[in-house]
Every structure is written in C-alpha cells, then in structure tokens.
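Student: This is the content of my_file_20.txt (compact mmCIF, C-alpha atoms):
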```txt
# COMPACT_ATOMS: atom_id res chain seq x y z
CA MET F 1 18.20 5.06 -78.71
CA ASN F 2 16.79 8.02 -80.65
CA GLN F 3 18.36 11.39 -80.08
CA VAL F 4 16.01 14.14 -78.91
CA PRO F 5 16.48 17.55 -80.60
CA LYS F 6 18.62 20.03 -78.71
CA TYR F 7 16.16 22.90 -79.12
CA PRO F 8 12.37 23.21 -78.67
CA PHE F 9 9.90 23.62 -81.52
CA LEU F 10 7.51 26.40 -82.44
CA LEU F 11 4.79 25.43 -84.94
CA ILE F 12 3.31 28.23 -87.07
CA HIS F 13 -0.08 27.59 -88.70
CA GLY F 14 -1.23 28.82 -92.08
CA ALA F 15 -3.79 31.39 -93.19
CA GLY F 16 -7.50 31.14 -92.50
CA TYR F 17 -7.12 29.27 -89.22
CA GLU F 18 -6.31 29.65 -85.56
CA ASN F 19 -4.49 26.91 -83.69
CA GLU F 20 -7.72 25.45 -82.29
CA PHE F 21 -10.36 26.88 -84.62
CA PRO F 22 -12.27 25.82 -86.63
CA LEU F 23 -10.35 22.54 -86.05
CA PRO F 24 -7.13 21.75 -84.15
CA TYR F 25 -4.77 22.87 -86.91
CA TRP F 26 -1.90 20.54 -86.08
CA GLY F 27 -3.99 17.48 -85.26
CA ARG F 28 -1.91 14.72 -83.66
CA ILE F 29 1.47 16.30 -84.39
CA PRO F 30 2.16 18.16 -81.09
CA LYS F 31 1.44 15.08 -78.95
CA THR F 32 3.51 12.85 -81.23
CA LEU F 33 6.50 15.16 -80.88
CA GLU F 34 6.01 15.61 -77.15
CA ASP F 35 5.79 11.85 -76.64
CA PHE F 36 9.14 11.59 -78.40
CA GLY F 37 10.61 14.06 -75.91
CA CYS F 38 10.36 17.37 -77.76
CA THR F 39 9.20 20.63 -76.21
CA VAL F 40 6.50 22.00 -78.50
CA TYR F 41 4.81 25.41 -78.58
CA LEU F 42 2.11 26.65 -80.96
CA CYS F 43 2.30 30.20 -82.28
CA GLU F 44 -1.06 31.97 -82.59
CA THR F 45 -1.05 34.29 -85.58
CA GLY F 46 -3.90 36.23 -87.19
CA PRO F 47 -6.00 34.14 -89.63
CA TRP F 48 -5.67 36.75 -92.36
CA ASP F 49 -3.34 39.28 -90.79
CA SER F 50 -0.44 40.56 -92.87
CA MET F 51 2.69 38.43 -93.06
CA VAL F 52 4.66 41.28 -91.50
CA ASN F 53 2.37 41.48 -88.46
CA ASN F 54 2.29 37.71 -88.09
CA GLY F 55 6.04 37.49 -88.53
CA GLU F 56 6.43 39.91 -85.66
CA LYS F 57 4.17 37.69 -83.54
CA VAL F 58 6.39 34.71 -84.37
CA ALA F 59 9.50 36.68 -83.40
CA ASN F 60 7.94 37.73 -80.10
CA GLU F 61 6.93 34.14 -79.33
CA VAL F 62 10.46 32.92 -80.05
CA LYS F 63 11.85 35.47 -77.59
CA ARG F 64 9.28 34.46 -74.95
CA MET F 65 10.24 30.81 -75.36
CA VAL F 66 13.93 31.59 -74.95
CA ASP F 67 13.19 33.40 -71.68
CA LYS F 68 10.52 31.04 -70.36
CA ILE F 69 11.92 27.55 -71.04
CA PRO F 70 14.78 28.77 -70.97
CA CYS F 71 16.72 27.82 -74.10
CA GLU F 72 19.34 29.25 -76.41
CA LYS F 73 17.47 28.76 -79.68
CA VAL F 74 14.24 27.48 -81.22
CA ASN F 75 13.40 25.31 -84.24
CA LEU F 76 10.56 26.71 -86.36
CA ILE F 77 8.17 24.59 -88.43
CA GLY F 78 5.75 26.56 -90.60
CA HIS F 79 2.96 25.13 -92.72
CA SER F 80 1.68 27.04 -95.75
CA ARG F 81 1.83 30.82 -95.13
CA GLY F 82 3.20 30.05 -91.67
CA GLY F 83 6.46 29.10 -93.38
CA LEU F 84 6.70 32.55 -94.93
CA GLU F 85 5.96 34.20 -91.59
CA ALA F 86 8.74 32.13 -90.02
CA ARG F 87 11.11 33.70 -92.53
CA VAL F 88 9.80 37.18 -91.71
CA SER F 89 10.51 36.59 -88.01
CA THR F 90 14.24 36.34 -88.69
CA HIS F 91 14.15 40.02 -89.73
CA MET F 92 12.20 41.04 -86.62
CA GLY F 93 14.95 40.66 -84.06
CA ALA F 94 14.65 36.89 -83.53
CA ALA F 95 17.36 35.60 -85.89
CA SER F 96 19.94 34.94 -83.19
CA TYR F 97 17.42 32.74 -81.36
CA ILE F 98 16.43 30.57 -84.33
CA SER F 99 18.28 27.37 -85.11
CA SER F 100 16.33 26.06 -88.10
CA ILE F 101 13.29 26.80 -90.25
CA THR F 102 11.35 23.95 -91.83
CA THR F 103 8.60 24.94 -94.25
CA ILE F 104 5.84 22.59 -95.39
CA CYS F 105 3.96 23.49 -98.59
CA ALA F 106 4.79 27.19 -98.22
CA PRO F 107 4.34 29.32 -101.38
CA HIS F 108 7.81 30.88 -101.45
CA TYR F 109 7.39 31.86 -105.10
CA GLY F 110 3.67 32.54 -104.96
CA CYS F 111 0.70 30.95 -106.71
CA ASP F 112 0.11 31.79 -110.38
CA TYR F 113 -3.65 31.40 -110.17
CA ILE F 114 -4.24 34.04 -107.47
CA PRO F 115 -4.66 37.18 -109.64
CA GLU F 116 -7.38 35.53 -111.75
CA LEU F 117 -8.97 33.87 -108.73
CA VAL F 118 -9.48 37.04 -106.69
CA ASP F 119 -11.24 38.77 -109.59
CA SER F 120 -13.85 36.03 -109.89
CA PHE F 121 -17.41 36.37 -108.58
CA LYS F 122 -17.05 33.17 -106.55
CA PHE F 123 -14.03 34.53 -104.72
CA ARG F 124 -15.68 37.87 -103.99
CA LEU F 125 -18.56 35.95 -102.45
CA TYR F 126 -16.10 33.74 -100.54
CA ASN F 127 -14.23 36.80 -99.28
CA ARG F 128 -17.42 38.39 -97.92
CA ILE F 129 -18.44 35.17 -96.18
CA VAL F 130 -15.00 34.62 -94.64
CA ASP F 131 -14.58 38.18 -93.45
CA SER F 132 -18.11 38.23 -91.99
CA PHE F 133 -17.48 34.91 -90.26
CA TRP F 134 -14.31 36.04 -88.50
CA THR F 135 -15.79 39.45 -87.66
CA HIS F 136 -19.03 38.20 -86.14
CA ILE F 137 -18.10 34.76 -84.78
CA ARG F 138 -14.54 35.31 -83.61
CA LYS F 139 -14.63 39.12 -83.21
CA THR F 140 -11.55 39.36 -85.40
CA ARG F 141 -11.36 41.73 -88.36
CA THR F 142 -9.88 40.11 -91.45
CA ASP F 143 -9.29 40.80 -95.13
CA ALA F 144 -8.86 37.49 -96.92
CA LYS F 145 -8.32 39.14 -100.30
CA LYS F 146 -5.52 41.32 -99.00
CA GLY F 147 -3.90 38.33 -97.32
CA ILE F 148 -4.11 36.19 -100.45
CA MET F 149 -2.74 38.97 -102.67
CA GLU F 150 0.43 38.92 -100.58
CA MET F 151 1.14 35.53 -102.19
CA THR F 152 1.00 36.38 -105.89
CA PRO F 153 4.22 35.60 -107.81
CA GLU F 154 4.90 39.33 -108.19
CA ALA F 155 4.42 40.00 -104.48
CA MET F 156 6.67 37.09 -103.58
CA ILE F 157 9.49 38.45 -105.73
CA ARG F 158 9.50 41.55 -103.52
CA PHE F 159 9.08 39.41 -100.40
CA ASN F 160 12.10 37.24 -101.25
CA GLU F 161 14.24 40.27 -101.98
CA LYS F 162 13.40 41.71 -98.57
CA TYR F 163 13.32 38.62 -96.35
CA THR F 164 16.57 36.98 -97.31
CA ASP F 165 18.03 33.97 -95.54
CA ILE F 166 20.08 34.63 -92.44
CA PRO F 167 23.53 32.99 -92.22
CA GLY F 168 23.66 30.44 -89.42
CA ILE F 169 20.00 29.38 -89.72
CA TYR F 170 19.33 26.04 -91.43
CA TYR F 171 16.49 26.24 -93.99
CA GLN F 172 14.74 23.19 -95.39
CA SER F 173 11.45 22.62 -97.19
CA TYR F 174 8.92 20.06 -98.39
CA GLY F 175 6.27 20.19 -101.08
CA ALA F 176 3.43 17.90 -102.09
CA LEU F 177 1.29 16.67 -104.96
CA ILE F 178 -2.34 15.83 -104.33
CA GLU F 179 -2.60 13.67 -107.49
CA GLU F 180 -5.55 11.30 -107.02
CA TYR F 181 -5.94 11.80 -103.27
CA ARG F 182 -9.61 12.69 -102.68
CA GLY F 183 -9.80 12.85 -98.88
CA ASP F 184 -9.64 16.66 -99.04
CA TRP F 185 -12.36 17.43 -101.58
CA PRO F 186 -12.16 21.27 -101.64
CA ARG F 187 -8.46 21.17 -102.52
CA TYR F 188 -8.86 18.22 -104.87
CA ILE F 189 -11.43 20.17 -106.88
CA LEU F 190 -9.10 23.18 -107.06
CA TYR F 191 -6.26 20.87 -108.07
CA ARG F 192 -8.33 19.46 -110.95
CA ILE F 193 -9.15 23.00 -112.11
CA LEU F 194 -5.51 24.04 -111.96
CA ALA F 195 -4.33 20.78 -113.55
CA ASP F 196 -6.15 21.84 -116.72
CA THR F 197 -3.73 24.77 -116.88
CA GLY F 198 -0.74 22.43 -116.59
CA GLU F 199 0.06 23.22 -112.94
CA ASN F 200 0.58 20.34 -110.52
CA ASN F 201 0.18 21.11 -106.84
CA ASP F 202 -1.14 20.00 -103.47
CA GLY F 203 -4.47 21.70 -104.07
CA LEU F 204 -3.00 25.15 -103.42
CA VAL F 205 0.81 25.24 -103.73
CA SER F 206 3.10 23.66 -106.33
CA PRO F 207 6.29 21.80 -105.31
CA GLU F 208 8.29 24.37 -107.28
CA SER F 209 6.88 27.18 -105.17
CA ALA F 210 7.41 25.20 -101.95
CA ASN F 211 11.14 24.81 -102.66
CA TRP F 212 13.27 26.88 -100.26
CA GLY F 213 16.68 26.20 -98.75
CA GLU F 214 17.45 22.49 -98.84
CA TYR F 215 14.50 20.93 -100.63
CA LYS F 216 13.98 17.55 -99.03
CA GLU F 217 11.10 15.87 -100.80
CA THR F 218 7.88 16.11 -102.76
CA LEU F 219 5.30 14.07 -100.87
CA ARG F 220 2.85 12.19 -103.09
CA HIS F 221 -0.90 11.64 -102.79
CA CYS F 222 -1.24 14.33 -100.08
CA SER F 223 -3.26 17.52 -100.00
CA HIS F 224 -2.11 20.86 -98.65
CA GLN F 225 -4.09 20.64 -95.41
CA TYR F 226 -3.55 16.89 -95.03
CA LEU F 227 0.11 17.64 -94.30
CA ALA F 228 -0.82 19.75 -91.27
CA ASP F 229 -2.86 16.80 -89.93
CA THR F 230 -5.84 19.11 -89.50
CA PHE F 231 -8.27 16.36 -90.52
CA GLN F 232 -6.31 13.62 -88.73
CA LEU F 233 -6.67 11.25 -91.68
CA ASP F 234 -4.50 8.26 -92.58
CA ASP F 235 -5.71 7.63 -96.11
CA GLY F 236 -3.09 9.63 -98.01
CA GLY F 237 0.40 8.78 -99.14
CA VAL F 238 2.04 9.75 -95.85
CA ASN F 239 1.51 9.04 -92.16
CA VAL F 240 1.60 12.70 -91.14
CA PRO F 241 2.58 12.42 -87.43
CA GLU F 242 5.37 10.00 -88.41
CA PHE F 243 6.49 12.39 -91.14
CA TYR F 244 6.96 15.19 -88.59
CA LEU F 245 8.68 12.78 -86.25
CA GLU F 246 11.22 11.99 -88.97
CA ILE F 247 11.79 15.73 -89.44
CA VAL F 248 12.67 16.24 -85.77
CA LYS F 249 14.86 13.13 -85.72
CA ASP F 250 16.82 14.48 -88.69
CA LEU F 251 17.18 17.88 -87.03
CA ALA F 252 18.45 16.17 -83.89
CA GLN F 253 21.09 14.38 -85.93
CA ARG F 254 22.16 17.74 -87.33
CA GLY F 255 22.64 19.09 -83.81
CA PHE F 256 19.49 21.21 -83.70
```
Show how you would write the structure in this file as structure tokens.

Tutor:
Amino acid sequence: MNQVPKYPFLLIHGAGYENEFPLPYWGRIPKTLEDFGCTVYLCETGPWDSMVNNGEKVANEVKRMVDKIPCEKVNLIGHSRGGLEARVSTHMGAASYISSITTICAPHYGCDYIPELVDSFKFRLYNRIVDSFWTHIRKTRTDAKKGIMEMTPEAMIRFNEKYTDIPGIYYQSYGALIEEYRGDWPRYILYRILADTGENNDGLVSPESANWGEYKETLRHCSHQYLADTFQLDDGGVNVPEFYLEIVKDLAQRGF
C-alpha cells in the first residue's frame, strides 16, 4: 500500500498566469494528488507581481493552511518563477512551517537571453499587449518587463545571496529539455532560436539554471509549460500527473 505524505501541499504557479486564468494552470495535477490522498491547496500570486510580494503571499498562505487544516508543516511545489517565490517565502516568517520545497523548471540562476530579449521591438510590443490585457480584462496592474528583469543572471546572483536555503527544509529540483517536442509551439520556437546560441532548455529555462538543492532529473521531450500540465497533453516525454504523483510518493518515503 502506498504511503500518503505526512504534510499537505501548496502549489505555486509561475509568472503570467493565475491559477484558473487564462487556463487552469495545474491541469489534472491537483485531482491526481487528491485522489491519491493528498491535501492540496493552490496559492494565488500576482501574474507579474514582484517575487518579494508574491513570496509574502506564499508565506501567508502557508500560515493560513497550518491554522486551517490544521497541520504542523506544508510541502511546497513551485513551477517556474513560483519555485523562486517558494524560496522567498522561507524568509518571510514561514520557514518553520515548511517541510520541503520542490521546484520544477525554476530559473534559479536566471536566463541569459533576457537582457537582449527585453530590448527588442517584439518584446516591447509584447509587454504593452500583456500589460493592457491584465489591466483591462482582469483589472490587475502588471509590469511584465519588470517581472522578467528579476530573472536575469545578474539579478539572480543577488537573489541567491539574499534568499539562502534554510536548514531543516528539504530542497529538490527538476529541469527539462524541449528537444524535438512540438506540442508547445511558442516555446519550441524560442527554443530553436536559443539553440542557435548553444543554449539547451525547455523553451525558457535551461536544466543548469533549474538545478537547486538535490537535482533529481532532467526530463526529456517536455516544454516548460507542459510540465505544469496547463495544456493537459500526453504527447511529450512524460506523463505529467504521474510525474507529480511520483514526487509526492518520494516525499512520503522521506517522511514529509
């Protein structure tokens, strides 16, 4: 009989999304984990809010879970920038309530292409469209450029110096390579552009940048967003709900 994790889970989505908009960010993952017996909460952070502000939201949600469930601690799983915000939360008064942090395709060491990208005409146009969309459709003020610039390699050096690991919390991470997976065309196109510069990645983040704590695996033939199950596809190199199920089973074996 499979062992159910000792502590509940809080999932933290990445930038440019809300939990249920424009698509259910986590796809089939919450139900898969709940069917296994896990208690699962979703943390709502700002689509392009600063990592400090979002990290504080994560910390507050952890504290609410501890009081509401109730429980002693919480396991965090963060995808993309959500993994960085999970790390921030440990410095916002929530460290004693966090058992483990699992990051999926999080840019812990930044993305080399960002400085050149944000200076391009196409990105300036993209930034105006994105900010107008969130302002007028969702009534949320955003600054995509500012949010993206938090993830340059230089910015992440400062970030890692400030948001160090907390003793007693288990940190693990996963990265991915998109390779020839074409189910996520926007990220595949970006991957092909970046591949010409010699950088291999999942369409946004390289495995080297995703490596934090105990690096578990580089998943092959998967795009960045594919591994959040946002598109609920099964044509990549990994069955995503099963992948998350294996994560929680492993954490259960570790006593978390």

Student: Select from segment 5-110 of chain F every residue with an atom at most 10 Å from any atom of segment 145-152 of chain F, then for each give the shortest pair of atoms and their distance in Å to one decimal, using only C-alpha atoms, rows by chain and rising number, as a tab-separated table.

Tutor:
```
residue	atom	partner	partner_atom	distance
F:Ala15	CA	F:Gly147	CA	8.1
F:Gly16	CA	F:Gly147	CA	9.4
F:Pro47	CA	F:Gly147	CA	9.0
F:Trp48	CA	F:Gly147	CA	5.5
F:Asp49	CA	F:Gly147	CA	6.6
F:Ser50	CA	F:Gly147	CA	6.1
F:Met51	CA	F:Gly147	CA	7.8
F:Arg81	CA	F:Met151	CA	8.5
F:Leu84	CA	F:Met151	CA	9.6
F:Ala106	CA	F:Met151	CA	9.9
F:Pro107	CA	F:Met151	CA	7.0
F:His108	CA	F:Met151	CA	8.2
F:Tyr109	CA	F:Met151	CA	7.8
F:Gly110	CA	F:Thr152	CA	4.8
```

Student: Which distance in Å separates atom CA of Ile178 of chain F and atom CA of Val40 of chain F, to one decimal?

Tutor: 28.0 Å

Student: In Å, rounded to a single decimal, give me how far atom CA of Glu217 of chain F is from atom CA of Leu245 of chain F.

Tutor: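 Result for atom CA of Leu245 of chain F versus atom CA of Glu217 of chain F: 15.1 Å, one decimal.
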
Student: To one decimal in Å, tell me the separation between atom CA of Val240 of chain F and atom CA of Ser223 of chain F.

Tutor: 11.2 Å

Student: Which polymer residues, protein or nucleic acid, are no farther than 8 Å from (24.1, 34.9, -89.4), counting only C-alpha atoms, as a VMD selection string?

Tutor: chain F and resid 95 to 96 166 to 169

Student: If you count only C-alpha atoms, which residues fall within 6 Å of segment 225-235 of chain F, apart from same-chain ones fewer than 2 positions away, as a PDB file with C-alpha atoms, keeping the file's coordinate frame?

Tutor:
```pdb
ATOM      1  CA  TYR F  25      -4.770  22.870 -86.910  1.00  0.00           C
ATOM      2  CA  TRP F  26      -1.900  20.540 -86.080  1.00  0.00           C
ATOM      3  CA  GLY F  27      -3.990  17.480 -85.260  1.00  0.00           C
ATOM      4  CA  SER F 223      -3.260  17.520-100.000  1.00  0.00           C
TER       5      SER F 223
END
```

Student: Within 9 Å of (14.2, 37.4, -83.2), only C-alpha atoms: residues as an NGL selection string?

Tutor: :F and (56 or 58-63 or 89-98)
